[in-house]
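In what follows, a structure is listed as structure tokens, so that the remarks can point back to it.
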Amino acid sequence: MNDTHQNNTVEMDGVCDILNNMSTNNEGSSITSVCANCGKESSDVTNTCNKCKLVMYCNASCKKRHRHKHKKDCEEHLKRAAENAAELHDEKLFKQPPPLEDCPICFIRLPLIGAGQTYMNCCGKVICSGCEHAYRSRATKEEHDVCPYCRTPPPNSDEEYAKRLEKRMELNDNIAMYSMAGFYSRGERGLPQNHAKALKLWRRAAELGSAEAYLNIGTAYKFGRGVEVDEKKAIHHCELAAMGGCVEARHNLGCIEKQAGKMDRALKHWMIATKDGYKNALESIKRLYSKGHATKDDYTEALRSYQAYLYDVKSDQRDEAAVARSGSNSN
């Protein structure tokens, strides 16, 4: 029997159990139930099994007398339900997230790594580092320091910067909320350190689509920043971040699975992160391969995926920006 047929059989069995425990009265206007213990048929048979909720009884006494007969079927149903839920969860978890939108200026795919993109707090646009560098390097004195997209001058103080973010937040800008939360978390830009406020903003940013906000919520639960330490909630929010496209969260999940000895799941996570250009994930797959936990084909596929990502996000302007950035960092 194949898996599809077996799953269909299980679902039909569940439907039959429910139908066998119910009947229609003579008038056809309402549904009555049958007690699984004594066979009484009445609309008053409403006491269900506390665990599976599939069978009904007249009262608590009938439920207790029937418990030993129903126990095995109940456990089997709960087991099947848990397995089905786990399969559905993994199907969502290991789905490749869609790529970021293109840069609104050069129309080339935006890189997922933070250094390759810049958020403009004036207009809320995210542009690539190449376009920002190209504009500033060619600008005249009169326009040397304005937004390449909307031509707005930059804020001249931390207070003005915060006010701009607040205006963007009023427009439900999840990046502005994510940034403001970070400032409260670290106590930067003239704002007091406030983990509770940071967490509140991250939650709102996550609701509006910020995958990185989910990662920071998970980190808060992991280390108890503004909330009590909760490892399950930390992993849950890390998974939400990964499903939303956060490559750092995806790589972290791979590390968690590796530590648990689940190399196949770790490999799946790192393959997804590599396709989105996360070099650390590629290195992790390389280590799996060197220790015999991944095949040569796995590593070859990862290399090709990473190279394909680099091709998609490559531009001469971005290369120039990277050189300029590395030069300034070395000084």
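Numbering starts fresh at 1 for the residues of each chain in the structure tokens, the chains themselves are lettered A, B, ... in the order given, and ligands are numbered from 1 as they appear.
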Val45 in chain A environment, 12 Å, only C-alpha atoms, sequence neighbours closer than 5 positions dropped, as a list of chain:residue names: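 These residues fall inside the cut-off: A:Asn21, A:Met22, A:Ser23, A:Ile31, A:Thr32, A:Ser33, A:Val34, A:Cys35, A:Ala36, A:Asn37, A:Cys38, A:Gly39, A:Lys40, A:Val55, A:Met56, A:Tyr57, A:Cys58, A:Asn59, A:Ala60, A:Cys62, A:Lys63.
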Per-residue DSSP, range 2-208 of chain A, filtered to strand (DSSP E), as an MDAnalysis selection string: chainID A and resid 22:24 31:34 41:42 47:48 56:57 117:119 126:128
What does the file look like for those residues with N, CA and C atoms, as an mmCIF file, in the first residue's frame?
data_model
loop_
_atom_site.group_PDB
_atom_site.id
_atom_site.type_symbol
_atom_site.label_atom_id
_atom_site.label_comp_id
_atom_site.auth_asym_id
_atom_site.auth_seq_id
_atom_site.Cartn_x
_atom_site.Cartn_y
_atom_site.Cartn_z
ATOM 1 N N MET A 22 -22.770 9.347 15.246
ATOM 2 C CA MET A 22 -23.803 10.362 15.059
ATOM 3 C C MET A 22 -24.927 9.784 14.208
ATOM 4 N N SER A 23 -26.121 10.345 14.354
ATOM 5 C CA SER A 23 -27.239 9.957 13.496
ATOM 6 C C SER A 23 -28.207 11.113 13.385
ATOM 7 N N THR A 24 -29.084 11.042 12.363
ATOM 8 C CA THR A 24 -30.067 12.104 12.161
ATOM 9 C C THR A 24 -31.407 11.648 12.701
ATOM 10 N N ILE A 31 -28.991 16.778 14.464
ATOM 11 C CA ILE A 31 -28.145 15.599 14.539
ATOM 12 C C ILE A 31 -28.060 15.125 15.983
ATOM 13 N N THR A 32 -28.327 13.843 16.168
ATOM 14 C CA THR A 32 -28.201 13.253 17.496
ATOM 15 C C THR A 32 -26.964 12.377 17.522
ATOM 16 N N SER A 33 -26.477 12.099 18.724
ATOM 17 C CA SER A 33 -25.267 11.309 18.880
ATOM 18 C C SER A 33 -25.568 10.018 19.614
ATOM 19 N N VAL A 34 -24.657 9.048 19.416
ATOM 20 C CA VAL A 34 -24.811 7.748 20.032
ATOM 21 C C VAL A 34 -23.714 7.557 21.064
ATOM 22 N N GLU A 41 -29.059 6.746 22.017
ATOM 23 C CA GLU A 41 -29.094 7.730 20.938
ATOM 24 C C GLU A 41 -29.932 8.914 21.371
ATOM 25 N N SER A 42 -29.288 10.087 21.471
ATOM 26 C CA SER A 42 -29.996 11.266 21.957
ATOM 27 C C SER A 42 -29.188 12.518 21.658
ATOM 28 N N ASN A 47 -21.048 14.401 25.932
ATOM 29 C CA ASN A 47 -19.807 14.297 26.717
ATOM 30 C C ASN A 47 -18.738 13.601 25.864
ATOM 31 N N THR A 48 -17.787 14.341 25.348
ATOM 32 C CA THR A 48 -16.794 13.781 24.431
ATOM 33 C C THR A 48 -15.535 13.312 25.154
ATOM 34 N N MET A 56 -18.469 10.104 21.765
ATOM 35 C CA MET A 56 -19.315 10.800 22.731
ATOM 36 C C MET A 56 -19.973 9.819 23.693
ATOM 37 N N TYR A 57 -20.375 10.367 24.835
ATOM 38 C CA TYR A 57 -20.974 9.552 25.888
ATOM 39 C C TYR A 57 -22.160 10.286 26.503
ATOM 40 N N GLN A 117 22.895 46.453 1.374
ATOM 41 C CA GLN A 117 21.705 47.262 1.173
ATOM 42 C C GLN A 117 21.627 48.348 2.237
ATOM 43 N N THR A 118 20.882 49.403 1.933
ATOM 44 C CA THR A 118 20.750 50.535 2.851
ATOM 45 C C THR A 118 19.293 50.949 2.935
ATOM 46 N N TYR A 119 18.806 51.135 4.155
ATOM 47 C CA TYR A 119 17.433 51.607 4.371
ATOM 48 C C TYR A 119 17.446 53.130 4.468
ATOM 49 N N VAL A 126 14.524 50.748 0.324
ATOM 50 C CA VAL A 126 15.750 49.979 0.553
ATOM 51 C C VAL A 126 16.479 49.926 -0.782
ATOM 52 N N ILE A 127 17.662 50.517 -0.842
ATOM 53 C CA ILE A 127 18.444 50.529 -2.070
ATOM 54 C C ILE A 127 19.735 49.751 -1.859
ATOM 55 N N CYS A 128 20.331 49.325 -2.941
ATOM 56 C CA CYS A 128 21.564 48.550 -2.812
ATOM 57 C C CYS A 128 22.743 49.476 -2.528
#
For Asn194 in chain A, the nearest of the candidates A:Ala234, A:Ala181, A:Ile113, A:Leu288, counting only C-alpha atoms: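 For Asn194 in chain A, the nearest of the given residues is A:Ala181.
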Pick from A:Ala242, A:Leu303, A:Met180, A:Ile175 nearest to Gly209 in chain A, counting only C-alpha atoms: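 Among the listed residues, the smallest separation from Gly209 in chain A belongs to A:Ile175.
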10 Å contact set for Lys279 in chain A, only C-alpha atoms, chain neighbours under 2 positions out, as a list in words: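 Once the nearby chain positions are removed, what remains is Ile113, Val247, His251, Trp270, Ala273, Thr274, Lys275, Asp276, Gly277, Ala281, Leu282, Glu283, Ser284, Ile285, Leu303 and Tyr306 of chain A.
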Two-atom distance - CA of Asp158 in chain A, CA of Arg189 in chain A (Å):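 Value for the CA of Asp158 in chain A-CA of Arg189 in chain A distance: 5.1 Å.
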Determine, using only C-alpha atoms, which residues of range 120-154 of chain A have any atom at most 8 Å from an atom of range 312-323 of chain A, and tabulate each with its shortest atom pair and distance in Å to one decimal place, rows ordered by chain and then rising number, as a Markdown table.
| residue | atom | partner | partner_atom | distance |
| --- | --- | --- | --- | --- |
| A:Cys128 | CA | A:Arg318 | CA | 7.5 |
| A:Ser129 | CA | A:Arg318 | CA | 6.0 |
| A:Gly130 | CA | A:Arg318 | CA | 3.8 |
| A:Cys131 | CA | A:Gln317 | CA | 6.6 |
| A:His133 | CA | A:Ala321 | CA | 5.6 |
| A:Ala134 | CA | A:Gln317 | CA | 6.3 |
Selected residues, N, CA and C atoms, written as a short mmCIF file (atom, residue, chain, number, x, y, z; two decimals), in the first residue's frame, please.
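File produced: result_32.cif:
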data_model
loop_
_atom_site.label_atom_id
_atom_site.label_comp_id
_atom_site.auth_asym_id
_atom_site.auth_seq_id
_atom_site.Cartn_x
_atom_site.Cartn_y
_atom_site.Cartn_z
N CYS A 128 20.33 49.33 -2.94
CA CYS A 128 21.56 48.55 -2.81
C CYS A 128 22.74 49.48 -2.53
N SER A 129 23.78 48.93 -1.95
CA SER A 129 24.97 49.71 -1.60
C SER A 129 25.64 50.28 -2.85
N GLY A 130 25.51 49.58 -3.97
CA GLY A 130 26.10 50.05 -5.21
C GLY A 130 25.50 51.35 -5.68
N CYS A 131 24.17 51.45 -5.65
CA CYS A 131 23.49 52.67 -6.08
C CYS A 131 23.78 53.83 -5.13
N HIS A 133 26.52 54.20 -3.28
CA HIS A 133 27.91 54.59 -3.47
C HIS A 133 28.08 55.35 -4.79
N ALA A 134 27.45 54.87 -5.85
CA ALA A 134 27.58 55.52 -7.15
C ALA A 134 27.04 56.94 -7.11
#
Distance query Ala220 in chain A at most 12 Å, only C-alpha atoms, self and fewer than 4 positions along chain excluded, as a VMD selection string: chain A and resid 181 to 182 185 195 to 200 202 to 203 213 to 216 224 to 231 233 to 235 237 to 238
Dump of N, CA and C atoms for the selected residues, as a PDB file, in the first residue's frame:
ATOM      1  N   ALA A 181      13.328  49.419  17.495  1.00  0.00           N
ATOM      2  CA  ALA A 181      13.422  48.390  18.529  1.00  0.00           C
ATOM      3  C   ALA A 181      14.878  48.103  18.866  1.00  0.00           C
ATOM      4  N   GLY A 182      15.722  48.066  17.840  1.00  0.00           N
ATOM      5  CA  GLY A 182      17.141  47.827  18.064  1.00  0.00           C
ATOM      6  C   GLY A 182      17.778  48.924  18.890  1.00  0.00           C
ATOM      7  N   SER A 185      16.744  48.384  22.403  1.00  0.00           N
ATOM      8  CA  SER A 185      17.400  47.198  22.951  1.00  0.00           C
ATOM      9  C   SER A 185      18.838  47.492  23.369  1.00  0.00           C
ATOM     10  N   HIS A 195      14.285  46.833  27.169  1.00  0.00           N
ATOM     11  CA  HIS A 195      14.065  45.566  26.477  1.00  0.00           C
ATOM     12  C   HIS A 195      12.582  45.289  26.232  1.00  0.00           C
ATOM     13  N   ALA A 196      11.739  45.696  27.189  1.00  0.00           N
ATOM     14  CA  ALA A 196      10.300  45.450  27.040  1.00  0.00           C
ATOM     15  C   ALA A 196       9.732  46.227  25.859  1.00  0.00           C
ATOM     16  N   LYS A 197      10.156  47.487  25.712  1.00  0.00           N
ATOM     17  CA  LYS A 197       9.676  48.302  24.604  1.00  0.00           C
ATOM     18  C   LYS A 197      10.226  47.787  23.282  1.00  0.00           C
ATOM     19  N   ALA A 198      11.484  47.361  23.303  1.00  0.00           N
ATOM     20  CA  ALA A 198      12.082  46.792  22.095  1.00  0.00           C
ATOM     21  C   ALA A 198      11.308  45.562  21.643  1.00  0.00           C
ATOM     22  N   LEU A 199      10.953  44.713  22.597  1.00  0.00           N
ATOM     23  CA  LEU A 199      10.229  43.488  22.272  1.00  0.00           C
ATOM     24  C   LEU A 199       8.858  43.805  21.686  1.00  0.00           C
ATOM     25  N   LYS A 200       8.194  44.802  22.232  1.00  0.00           N
ATOM     26  CA  LYS A 200       6.885  45.202  21.724  1.00  0.00           C
ATOM     27  C   LYS A 200       6.980  45.669  20.274  1.00  0.00           C
ATOM     28  N   TRP A 202       9.401  44.903  18.132  1.00  0.00           N
ATOM     29  CA  TRP A 202       9.764  43.764  17.288  1.00  0.00           C
ATOM     30  C   TRP A 202       8.550  42.908  16.964  1.00  0.00           C
ATOM     31  N   ARG A 203       7.669  42.735  17.947  1.00  0.00           N
ATOM     32  CA  ARG A 203       6.451  41.949  17.694  1.00  0.00           C
ATOM     33  C   ARG A 203       5.603  42.611  16.607  1.00  0.00           C
ATOM     34  N   ALA A 213      12.859  40.620  12.703  1.00  0.00           N
ATOM     35  CA  ALA A 213      12.236  40.908  13.995  1.00  0.00           C
ATOM     36  C   ALA A 213      11.907  39.611  14.730  1.00  0.00           C
ATOM     37  N   TYR A 214      11.435  38.603  13.994  1.00  0.00           N
ATOM     38  CA  TYR A 214      11.169  37.301  14.613  1.00  0.00           C
ATOM     39  C   TYR A 214      12.445  36.718  15.221  1.00  0.00           C
ATOM     40  N   LEU A 215      13.561  36.882  14.514  1.00  0.00           N
ATOM     41  CA  LEU A 215      14.825  36.370  15.038  1.00  0.00           C
ATOM     42  C   LEU A 215      15.190  37.052  16.345  1.00  0.00           C
ATOM     43  N   ASN A 216      15.001  38.358  16.423  1.00  0.00           N
ATOM     44  CA  ASN A 216      15.336  39.076  17.651  1.00  0.00           C
ATOM     45  C   ASN A 216      14.396  38.723  18.800  1.00  0.00           C
ATOM     46  N   GLY A 224      16.513  35.784  27.808  1.00  0.00           N
ATOM     47  CA  GLY A 224      15.716  36.424  28.851  1.00  0.00           C
ATOM     48  C   GLY A 224      15.791  37.932  28.842  1.00  0.00           C
ATOM     49  N   ARG A 225      15.736  38.539  27.670  1.00  0.00           N
ATOM     50  CA  ARG A 225      15.784  39.992  27.561  1.00  0.00           C
ATOM     51  C   ARG A 225      14.376  40.550  27.430  1.00  0.00           C
ATOM     52  N   GLY A 226      13.827  41.005  28.557  1.00  0.00           N
ATOM     53  CA  GLY A 226      12.463  41.530  28.570  1.00  0.00           C
ATOM     54  C   GLY A 226      11.401  40.471  28.764  1.00  0.00           C
ATOM     55  N   VAL A 227      11.797  39.199  28.730  1.00  0.00           N
ATOM     56  CA  VAL A 227      10.881  38.072  28.951  1.00  0.00           C
ATOM     57  C   VAL A 227      11.634  36.980  29.706  1.00  0.00           C
ATOM     58  N   GLU A 228      10.884  36.003  30.218  1.00  0.00           N
ATOM     59  CA  GLU A 228      11.534  34.873  30.859  1.00  0.00           C
ATOM     60  C   GLU A 228      12.149  33.955  29.805  1.00  0.00           C
ATOM     61  N   VAL A 229      13.244  33.323  30.155  1.00  0.00           N
ATOM     62  CA  VAL A 229      13.904  32.400  29.236  1.00  0.00           C
ATOM     63  C   VAL A 229      12.952  31.261  28.878  1.00  0.00           C
ATOM     64  N   ASP A 230      12.806  31.011  27.574  1.00  0.00           N
ATOM     65  CA  ASP A 230      11.925  29.953  27.091  1.00  0.00           C
ATOM     66  C   ASP A 230      12.523  29.403  25.801  1.00  0.00           C
ATOM     67  N   GLU A 231      13.184  28.257  25.878  1.00  0.00           N
ATOM     68  CA  GLU A 231      13.889  27.694  24.726  1.00  0.00           C
ATOM     69  C   GLU A 231      12.928  27.331  23.604  1.00  0.00           C
ATOM     70  N   LYS A 233      10.016  28.722  22.825  1.00  0.00           N
ATOM     71  CA  LYS A 233       9.578  29.939  22.136  1.00  0.00           C
ATOM     72  C   LYS A 233      10.722  30.547  21.335  1.00  0.00           C
ATOM     73  N   ALA A 234      11.943  30.402  21.831  1.00  0.00           N
ATOM     74  CA  ALA A 234      13.103  30.915  21.105  1.00  0.00           C
ATOM     75  C   ALA A 234      13.233  30.209  19.760  1.00  0.00           C
ATOM     76  N   ILE A 235      13.114  28.885  19.764  1.00  0.00           N
ATOM     77  CA  ILE A 235      13.215  28.114  18.521  1.00  0.00           C
ATOM     78  C   ILE A 235      12.019  28.397  17.612  1.00  0.00           C
ATOM     79  N   HIS A 237      10.254  31.149  17.282  1.00  0.00           N
ATOM     80  CA  HIS A 237      10.405  32.434  16.592  1.00  0.00           C
ATOM     81  C   HIS A 237      11.568  32.409  15.610  1.00  0.00           C
ATOM     82  N   CYS A 238      12.579  31.602  15.903  1.00  0.00           N
ATOM     83  CA  CYS A 238      13.669  31.430  14.952  1.00  0.00           C
ATOM     84  C   CYS A 238      13.159  30.749  13.684  1.00  0.00           C
TER      85      CYS A 238
END
Those in range 83-119 of chain A with alpha helix (DSSP H) from DSSP, as an NGL selection string: :A and (83-93)
Surrounding residues of Tyr161 in chain A excluding itself and chain neighbours under 5 positions, 9 Å, only C-alpha atoms, as a list in words: Asn121, Pro154, Pro155, Asn156, Glu166 and Arg189 of chain A
Written file, previous selection with C-alpha atoms, as a tab-separated table (two decimals), in the first residue's frame:
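Once written, selection33.tsv looks like this:
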chain	number	residue	atom	x	y	z
A	121	ASN	CA	14.73	56.59	6.75
A	154	PRO	CA	20.03	63.11	6.02
A	155	PRO	CA	19.02	63.84	9.65
A	156	ASN	CA	21.43	66.13	11.46
A	166	GLU	CA	8.46	57.51	14.15
A	189	ARG	CA	20.56	57.14	19.36
Given only C-alpha atoms as the counted atoms, nearest of A:Ser137, A:Ser179, A:Ser305, A:Asn280 to Gly124 in chain A: A:Ser179
Distance query Ala206 in chain A at most 9 Å, only C-alpha atoms, self and fewer than 6 positions along chain excluded, as a list in words: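 Close residues of Ala206 in chain A: Asn174, Tyr178, Glu212, Ala213, Tyr214, Ile217 and Ala241 of chain A.
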Near-range 89-94 of chain A list (8 Å; only C-alpha atoms; drop same-chain fewer than 3 positions) as JSON, numbers by chain: {"A": [85, 86, 239, 242, 243, 268, 269, 272]}
Atom pair CA of Pro192 in chain A / CA of Ala162 in chain A: separation (Å):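 Interatomic distance, CA of Pro192 in chain A to CA of Ala162 in chain A: 12.5 Å.
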